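A.B. asks: One structure is given below, represented as structure tokens, and several questions about it will come after.
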Amino acid sequence: MEQYFEELKEIRPDALIISDPGVFAIAKRVLPDMELHVSTQANNTNYGTYLFWHQLGAKRVVSARELSLKEIKEIRAHIPDDMEIESFIHGAMCISYSGRCLLSNFLVGRDANQGACTHPCRWKYSVVEETRPGEYMPVYENERGTYIFNSKDLCMIEHIPELIDAGIDSFKIEGRMKTALYVATVARTYRKAIDDYKKDPALYQKNMEWYKEEIGKCTYREFTTGFYFGKPTTDSQIYDSNTYVKNYTYLGTVEEVREDGCCRIEQKNKFTVGEQIEIMKPDGRNILVTVKSITDEEGNAMESAPHPKQILWVDLGCEVSPYDILRRSEGTVQ
């Protein structure tokens with residue numbers, strides 16, 4: 001661990017998120033000028049815990065996902081002003097307490113704590129009694145199946161004022177195992193919602209349908225407000241299938257723009273010449289364009305882009321910039 005922290009001196013990340021006290025102590029010693037944050041997996045449910053980490057030198061603590069807004073507000077009232085609270089406000093809800101889950105690692109060897117969770121909590125389960133091997137007894141939920149661990153996705157886009165009022169300094173989006181399109185869409189939408197609210201609460205309310213429409217363009221499950229307004233009921237938290245809603249497909253991100261206006265992308269999904277797609281701008285604009293031409297790295301013209309990760313030059317007939325994202329509307333697909 002010390003060797004790893006020595007390497008981070010060269011990389012210079014903005015901060016480290018740590019859950020283990022021993023690791024925290026090593027980081028503080030090896031990286032005395034590094035900003036240290038405490039992970040939600042450290043079980044941060046009360047202001048005594050926050051004060052403990054503050055005395056050790058933590059700048060920010062990520063609250064447990066099981067806290068209500070009322071409880072977060074109480075924590076804010078009992079900790080120093082310079083200590084920051086970060087809370088999850090959007091994305092997949094881990095079924096385990098404060099995200100402490102080893103199920104994926106145990107079943108398939110992919111560690112959730114290293115960003116590789118396979119979401120086994122979304123799978124369909126039955127019960128087998130030890131003395132009756134092979135006799136499966138389903139745990140009935142409804143006609144669609146048995147998904148007793150399967151949580152809806154968290155979404156707090158309609159509650160920015162309450163989140164700010166509770167004293168939360170940083171809004172955290174769960175983006176593990178998600179595409180760049182998902183991360184960009186959700187982060188851009190919340191950024192605009194926050195800016196609109198701070199500029200004028202009436203503007204925030206006026207643009208609410210736009211926020212919800214944009215978030216609806218991501219791959220997602222049904223939404224819930226989690227524990228923020230008290231302990232949720234089964235109906236409000238459990239999702240009754242393992243399917244996602246997928247409204248848009250990620251085609252690629254602009255990496256470079258030539259003098260002739262053609263943009264370089266690494267293709268993520270198939271699209272064709274003549275097809276209408278959308279350019280997603282960081283500032284909130286969405287521009288509908290028609291694909292004029294596609295060429296490969298050798299300059300050969302192509303009618304379609306069927307090979308994932310192929311490097312392409314695309315003419316969209318309008319001005320594009322690096323980091324613009326290309327996406328295609330698919331309607332609603334289950």
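Ligands are numbered from 1 in the order shown, chains are lettered A, B, ... in the order of the structure tokens, and residues start at 1 in each chain.
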Show which residues sit within 10 Å of range 225-228 of chain A, as a VMD selection string. Count only C-alpha atoms, and ignore same-chain residues fewer than 2 positions away.

C.D. replies: chain A and resid 65 to 72 88 to 90 93 151 to 159 162 to 163 223 230 to 233 236 to 237

A.B. asks: Please dump the current selection as an mmCIF file, in the first residue's frame; keep C-alpha atoms.

C.D. replies:
data_model
loop_
_atom_site.group_PDB
_atom_site.id
_atom_site.type_symbol
_atom_site.label_atom_id
_atom_site.label_comp_id
_atom_site.auth_asym_id
_atom_site.auth_seq_id
_atom_site.Cartn_x
_atom_site.Cartn_y
_atom_site.Cartn_z
ATOM 1 C CA ARG A 65 -27.066 5.511 1.619
ATOM 2 C CA GLU A 66 -29.510 4.513 4.347
ATOM 3 C CA LEU A 67 -29.671 8.013 5.855
ATOM 4 C CA SER A 68 -32.686 10.285 5.491
ATOM 5 C CA LEU A 69 -32.451 13.999 4.692
ATOM 6 C CA LYS A 70 -33.488 14.720 8.282
ATOM 7 C CA GLU A 71 -30.588 12.614 9.615
ATOM 8 C CA ILE A 72 -28.084 14.245 7.232
ATOM 9 C CA PHE A 88 -25.404 9.524 -3.441
ATOM 10 C CA ILE A 89 -28.199 11.186 -5.390
ATOM 11 C CA HIS A 90 -28.561 9.073 -8.547
ATOM 12 C CA MET A 93 -28.786 1.182 -5.436
ATOM 13 C CA SER A 151 -33.579 -2.421 -6.139
ATOM 14 C CA LYS A 152 -34.877 0.389 -8.297
ATOM 15 C CA ASP A 153 -32.436 3.125 -9.304
ATOM 16 C CA LEU A 154 -32.064 6.219 -7.143
ATOM 17 C CA CYS A 155 -33.139 9.539 -8.698
ATOM 18 C CA MET A 156 -33.278 12.843 -6.806
ATOM 19 C CA ILE A 157 -33.491 15.274 -9.740
ATOM 20 C CA GLU A 158 -36.827 16.586 -8.409
ATOM 21 C CA HIS A 159 -35.393 17.241 -4.945
ATOM 22 C CA GLU A 162 -34.064 19.536 -0.243
ATOM 23 C CA LEU A 163 -30.587 18.101 -0.827
ATOM 24 C CA PHE A 223 -36.728 5.215 -10.052
ATOM 25 C CA GLY A 230 -37.799 7.699 5.435
ATOM 26 C CA LYS A 231 -37.634 3.939 5.189
ATOM 27 C CA PRO A 232 -39.038 2.887 1.795
ATOM 28 C CA THR A 233 -41.745 0.304 1.341
ATOM 29 C CA SER A 236 -41.290 1.764 -3.700
ATOM 30 C CA GLN A 237 -37.872 0.103 -3.682
#

A.B. asks: Mind listing the alpha helix (DSSP H) residues of range 95-303 of chain A, per DSSP on the backbone, as a PyMOL selection string?

C.D. replies: chain A and resi 103-108+160-165+180-199+201-206+208-215+234-237

A.B. asks: Those residues with C-alpha atoms, as an mmCIF file, in the first residue's frame please?

C.D. replies:
data_model
loop_
_atom_site.group_PDB
_atom_site.id
_atom_site.type_symbol
_atom_site.label_atom_id
_atom_site.label_comp_id
_atom_site.auth_asym_id
_atom_site.auth_seq_id
_atom_site.Cartn_x
_atom_site.Cartn_y
_atom_site.Cartn_z
ATOM 1 C CA LEU A 103 -21.457 -11.469 -3.845
ATOM 2 C CA SER A 104 -20.051 -10.713 -7.310
ATOM 3 C CA ASN A 105 -16.516 -11.503 -6.169
ATOM 4 C CA PHE A 106 -17.617 -14.783 -4.589
ATOM 5 C CA LEU A 107 -19.773 -16.012 -7.480
ATOM 6 C CA VAL A 108 -17.800 -14.942 -10.560
ATOM 7 C CA ILE A 160 -32.314 19.438 -5.477
ATOM 8 C CA PRO A 161 -33.626 22.104 -3.030
ATOM 9 C CA GLU A 162 -34.064 19.536 -0.243
ATOM 10 C CA LEU A 163 -30.587 18.101 -0.827
ATOM 11 C CA ILE A 164 -28.986 21.543 -0.645
ATOM 12 C CA ASP A 165 -31.054 22.495 2.404
ATOM 13 C CA ALA A 180 -19.537 7.304 -21.003
ATOM 14 C CA LEU A 181 -22.934 8.252 -22.445
ATOM 15 C CA TYR A 182 -24.664 7.411 -19.165
ATOM 16 C CA VAL A 183 -22.146 9.315 -17.037
ATOM 17 C CA ALA A 184 -22.166 12.343 -19.333
ATOM 18 C CA THR A 185 -25.958 12.486 -19.595
ATOM 19 C CA VAL A 186 -26.631 12.204 -15.864
ATOM 20 C CA ALA A 187 -23.792 14.474 -14.726
ATOM 21 C CA ARG A 188 -24.677 17.142 -17.297
ATOM 22 C CA THR A 189 -28.353 17.086 -16.289
ATOM 23 C CA TYR A 190 -27.681 17.423 -12.551
ATOM 24 C CA ARG A 191 -25.082 20.140 -13.187
ATOM 25 C CA LYS A 192 -27.647 22.178 -15.114
ATOM 26 C CA ALA A 193 -30.359 21.523 -12.507
ATOM 27 C CA ILE A 194 -28.067 22.736 -9.698
ATOM 28 C CA ASP A 195 -26.998 25.832 -11.661
ATOM 29 C CA ASP A 196 -30.597 26.638 -12.612
ATOM 30 C CA TYR A 197 -31.779 26.336 -9.006
ATOM 31 C CA LYS A 198 -28.994 28.556 -7.680
ATOM 32 C CA LYS A 199 -29.754 31.128 -10.383
ATOM 33 C CA PRO A 201 -35.685 28.389 -8.129
ATOM 34 C CA ALA A 202 -38.472 29.191 -10.586
ATOM 35 C CA LEU A 203 -36.144 28.394 -13.497
ATOM 36 C CA TYR A 204 -35.351 25.037 -11.901
ATOM 37 C CA GLN A 205 -39.043 24.175 -11.680
ATOM 38 C CA LYS A 206 -39.659 25.414 -15.225
ATOM 39 C CA MET A 208 -37.990 20.033 -14.613
ATOM 40 C CA GLU A 209 -39.528 18.176 -17.556
ATOM 41 C CA TRP A 210 -36.306 18.716 -19.554
ATOM 42 C CA TYR A 211 -34.220 17.243 -16.704
ATOM 43 C CA LYS A 212 -36.465 14.184 -16.470
ATOM 44 C CA GLU A 213 -36.525 13.768 -20.233
ATOM 45 C CA GLU A 214 -32.714 13.877 -20.415
ATOM 46 C CA ILE A 215 -32.248 11.369 -17.585
ATOM 47 C CA THR A 234 -41.183 -2.842 -0.726
ATOM 48 C CA ASP A 235 -43.280 -1.468 -3.584
ATOM 49 C CA SER A 236 -41.290 1.764 -3.700
ATOM 50 C CA GLN A 237 -37.872 0.103 -3.682
#

A.B. asks: Can you pull out the residues contacting Ile26 in chain A? Cut-off 10 Å, using only C-alpha atoms, and skip same-chain residues under 4 positions away; I want them as a compact mmCIF listing (two decimals) with N, CA and C atoms, in the first residue's frame.

C.D. replies:
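That gives us result22.txt:
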# COMPACT_ATOMS: atom_id res chain seq x y z
N MET A 1 0.83 -1.21 0.00
CA MET A 1 0.00 0.00 0.00
C MET A 1 0.86 1.26 0.00
N GLU A 2 1.95 1.25 0.78
CA GLU A 2 2.85 2.39 0.80
C GLU A 2 3.45 2.64 -0.58
N PHE A 5 0.89 4.28 -2.78
CA PHE A 5 0.73 5.70 -2.47
C PHE A 5 1.92 6.53 -2.96
N PRO A 21 -9.44 2.32 8.25
CA PRO A 21 -8.66 3.24 9.08
C PRO A 21 -7.15 3.07 8.94
N GLY A 22 -6.69 1.81 8.80
CA GLY A 22 -5.26 1.58 8.64
C GLY A 22 -4.72 2.17 7.35
N VAL A 30 2.11 9.08 4.11
CA VAL A 30 2.86 9.08 2.85
C VAL A 30 2.47 10.27 1.97
N LEU A 31 1.19 10.67 2.04
CA LEU A 31 0.68 11.76 1.21
C LEU A 31 0.09 12.86 2.10
N PRO A 32 0.93 13.56 2.86
CA PRO A 32 0.42 14.52 3.85
C PRO A 32 -0.37 15.68 3.24

A.B. asks: May I have all residues of range 168-319 of chain A that DSSP, computed from the backbone, assigns to strand (DSSP E or B), given as a tab-separated table (two decimals) with N, CA and C atoms, in the first residue's frame?

C.D. replies:
chain	number	residue	atom	x	y	z
A	170	SER	N	-21.57	17.78	-1.73
A	170	SER	CA	-21.21	17.14	-2.99
A	170	SER	C	-22.21	16.05	-3.33
A	171	PHE	N	-22.74	16.10	-4.55
A	171	PHE	CA	-23.71	15.10	-5.00
A	171	PHE	C	-22.98	14.00	-5.76
A	172	LYS	N	-23.20	12.76	-5.34
A	172	LYS	CA	-22.47	11.61	-5.88
A	172	LYS	C	-23.38	10.79	-6.80
A	173	ILE	N	-22.89	10.50	-7.99
A	173	ILE	CA	-23.63	9.70	-8.97
A	173	ILE	C	-22.98	8.34	-9.09
A	220	TYR	N	-31.67	2.68	-17.65
A	220	TYR	CA	-32.03	2.78	-16.24
A	220	TYR	C	-33.14	1.79	-15.89
A	223	PHE	N	-37.41	4.36	-11.01
A	223	PHE	CA	-36.73	5.22	-10.05
A	223	PHE	C	-37.37	5.18	-8.67
A	224	THR	N	-36.54	5.48	-7.67
A	224	THR	CA	-36.98	5.60	-6.29
A	224	THR	C	-36.19	6.74	-5.64
A	238	ILE	N	-38.32	-2.18	-4.49
A	238	ILE	CA	-37.98	-3.39	-5.24
A	238	ILE	C	-38.49	-3.30	-6.66
A	245	VAL	N	-34.56	-0.08	-19.05
A	245	VAL	CA	-35.15	0.72	-20.11
A	245	VAL	C	-34.00	1.39	-20.85
A	246	LYS	N	-33.98	1.23	-22.17
A	246	LYS	CA	-32.88	1.78	-22.96
A	246	LYS	C	-33.46	2.62	-24.08
A	247	ASN	N	-33.28	3.93	-23.99
A	247	ASN	CA	-33.85	4.84	-24.97
A	247	ASN	C	-32.85	5.35	-25.99
A	248	TYR	N	-31.57	5.37	-25.63
A	248	TYR	CA	-30.55	5.89	-26.53
A	248	TYR	C	-29.35	4.94	-26.58
A	249	THR	N	-28.70	4.90	-27.73
A	249	THR	CA	-27.51	4.07	-27.91
A	249	THR	C	-26.29	4.95	-28.09
A	250	TYR	N	-25.22	4.59	-27.41
A	250	TYR	CA	-23.95	5.32	-27.44
A	250	TYR	C	-23.19	4.94	-28.71
A	251	LEU	N	-22.87	5.93	-29.55
A	251	LEU	CA	-22.16	5.67	-30.80
A	251	LEU	C	-20.67	5.98	-30.71
A	252	GLY	N	-20.30	6.96	-29.91
A	252	GLY	CA	-18.89	7.29	-29.77
A	252	GLY	C	-18.71	8.71	-29.25
A	253	THR	N	-17.49	9.04	-28.87
A	253	THR	CA	-17.14	10.37	-28.38
A	253	THR	C	-16.12	11.00	-29.32
A	256	GLU	N	-11.12	14.04	-31.93
A	256	GLU	CA	-10.31	14.99	-32.70
A	256	GLU	C	-11.16	15.51	-33.85
A	257	VAL	N	-10.90	16.75	-34.29
A	257	VAL	CA	-11.61	17.34	-35.42
A	257	VAL	C	-10.60	17.85	-36.44
A	263	CYS	N	-14.83	14.42	-37.87
A	263	CYS	CA	-14.41	14.11	-36.50
A	263	CYS	C	-13.97	12.66	-36.38
A	264	ARG	N	-13.01	12.45	-35.50
A	264	ARG	CA	-12.47	11.11	-35.25
A	264	ARG	C	-13.15	10.53	-34.02
A	265	ILE	N	-13.67	9.29	-34.16
A	265	ILE	CA	-14.29	8.61	-33.02
A	265	ILE	C	-13.84	7.16	-32.97
A	266	GLU	N	-13.93	6.57	-31.79
A	266	GLU	CA	-13.82	5.12	-31.65
A	266	GLU	C	-15.26	4.61	-31.56
A	272	THR	N	-25.07	4.23	-39.68
A	272	THR	CA	-24.90	4.22	-41.13
A	272	THR	C	-24.95	5.62	-41.72
A	276	GLN	N	-30.04	9.61	-39.06
A	276	GLN	CA	-30.13	10.77	-38.18
A	276	GLN	C	-29.68	10.40	-36.78
A	277	ILE	N	-28.70	11.14	-36.25
A	277	ILE	CA	-28.21	10.89	-34.90
A	277	ILE	C	-28.20	12.23	-34.14
A	278	GLU	N	-27.75	12.20	-32.91
A	278	GLU	CA	-27.77	13.39	-32.07
A	278	GLU	C	-26.37	13.67	-31.52
A	279	ILE	N	-25.97	14.93	-31.59
A	279	ILE	CA	-24.74	15.38	-30.95
A	279	ILE	C	-25.10	15.94	-29.58
A	280	MET	N	-24.50	15.38	-28.55
A	280	MET	CA	-24.76	15.81	-27.18
A	280	MET	C	-23.61	16.72	-26.74
A	286	ASN	N	-28.56	19.64	-27.47
A	286	ASN	CA	-28.64	18.39	-28.22
A	286	ASN	C	-28.96	18.75	-29.67
A	287	ILE	N	-28.08	18.39	-30.61
A	287	ILE	CA	-28.22	18.81	-31.99
A	287	ILE	C	-28.46	17.60	-32.88
A	288	LEU	N	-29.60	17.59	-33.58
A	288	LEU	CA	-29.90	16.51	-34.52
A	288	LEU	C	-29.15	16.75	-35.83
A	289	VAL	N	-28.45	15.72	-36.32
A	289	VAL	CA	-27.67	15.82	-37.56
A	289	VAL	C	-27.87	14.55	-38.38
A	290	THR	N	-27.50	14.63	-39.64
A	290	THR	CA	-27.52	13.47	-40.51
A	290	THR	C	-26.09	13.10	-40.87
A	293	SER	N	-20.96	11.20	-44.21
A	293	SER	CA	-20.02	10.20	-44.72
A	293	SER	C	-19.26	9.56	-43.57
A	294	ILE	N	-18.75	8.35	-43.83
A	294	ILE	CA	-17.92	7.62	-42.87
A	294	ILE	C	-16.72	7.07	-43.63
A	295	THR	N	-15.53	7.28	-43.10
A	295	THR	CA	-14.32	6.69	-43.69
A	295	THR	C	-13.50	6.03	-42.59
A	296	ASP	N	-12.73	5.00	-42.97
A	296	ASP	CA	-11.85	4.35	-41.99
A	296	ASP	C	-10.53	5.10	-41.91
A	301	ALA	N	-14.07	4.84	-48.00
A	301	ALA	CA	-15.45	5.19	-47.70
A	301	ALA	C	-16.22	3.97	-47.22
A	302	MET	N	-17.11	4.17	-46.24
A	302	MET	CA	-17.92	3.09	-45.68
A	302	MET	C	-19.37	3.53	-45.61
A	304	SER	N	-21.53	1.92	-43.55
A	304	SER	CA	-21.94	1.74	-42.16
A	304	SER	C	-20.71	1.47	-41.31
A	311	ILE	N	-11.72	2.73	-35.45
A	311	ILE	CA	-11.45	4.15	-35.54
A	311	ILE	C	-12.01	4.68	-36.86
A	312	LEU	N	-12.86	5.71	-36.76
A	312	LEU	CA	-13.55	6.23	-37.93
A	312	LEU	C	-13.43	7.75	-38.00
A	313	TRP	N	-13.53	8.27	-39.23
A	313	TRP	CA	-13.68	9.70	-39.45
A	313	TRP	C	-15.08	9.93	-39.99
A	314	VAL	N	-15.84	10.81	-39.34
A	314	VAL	CA	-17.25	10.98	-39.67
A	314	VAL	C	-17.53	12.44	-40.00
A	315	ASP	N	-18.26	12.66	-41.10
A	315	ASP	CA	-18.70	13.99	-41.49
A	315	ASP	C	-20.17	14.13	-41.08

A.B. asks: So, counting only C-alpha atoms, which residue among A:Asp169, A:Glu275, A:Asp33, A:Asp283 is closest to Arg327 in chain A?

C.D. replies: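 When distances to Arg327 in chain A are compared using only C-alpha atoms, the smallest one comes from A:Glu275.
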
A.B. asks: Could you jot down the CA of Glu7 in chain A to CA of Ala112 in chain A separation for me, Å, one decimal place?

C.D. replies: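 Rounded to one decimal, the two atoms are 23.4 Å apart.
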
A.B. asks: What's the 7 Å shell around Glu35 in chain A, counting only C-alpha atoms, without same-chain residues fewer than 4 positions away, as a PDB file with C-alpha atoms, in the first residue's frame?

C.D. replies:
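Once everything was written out, this is part-v1.pdb:
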ATOM      1  CA  ASP A  14      -7.551  15.312  -6.538  1.00  0.00           C
ATOM      2  CA  ALA A  15      -8.379  13.103  -3.556  1.00  0.00           C
ATOM      3  CA  LEU A  16      -8.453   9.528  -2.279  1.00  0.00           C
ATOM      4  CA  LYS A  59     -11.856  16.563   4.398  1.00  0.00           C
TER       5      LYS A  59
END

A.B. asks: Which one of A:Met34, A:Leu316, A:Arg76, A:Ala27 sits closest to Tyr47 in chain A if you count only C-alpha atoms?

C.D. replies: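 Closest to Tyr47 in chain A, using only C-alpha atoms: A:Arg76.
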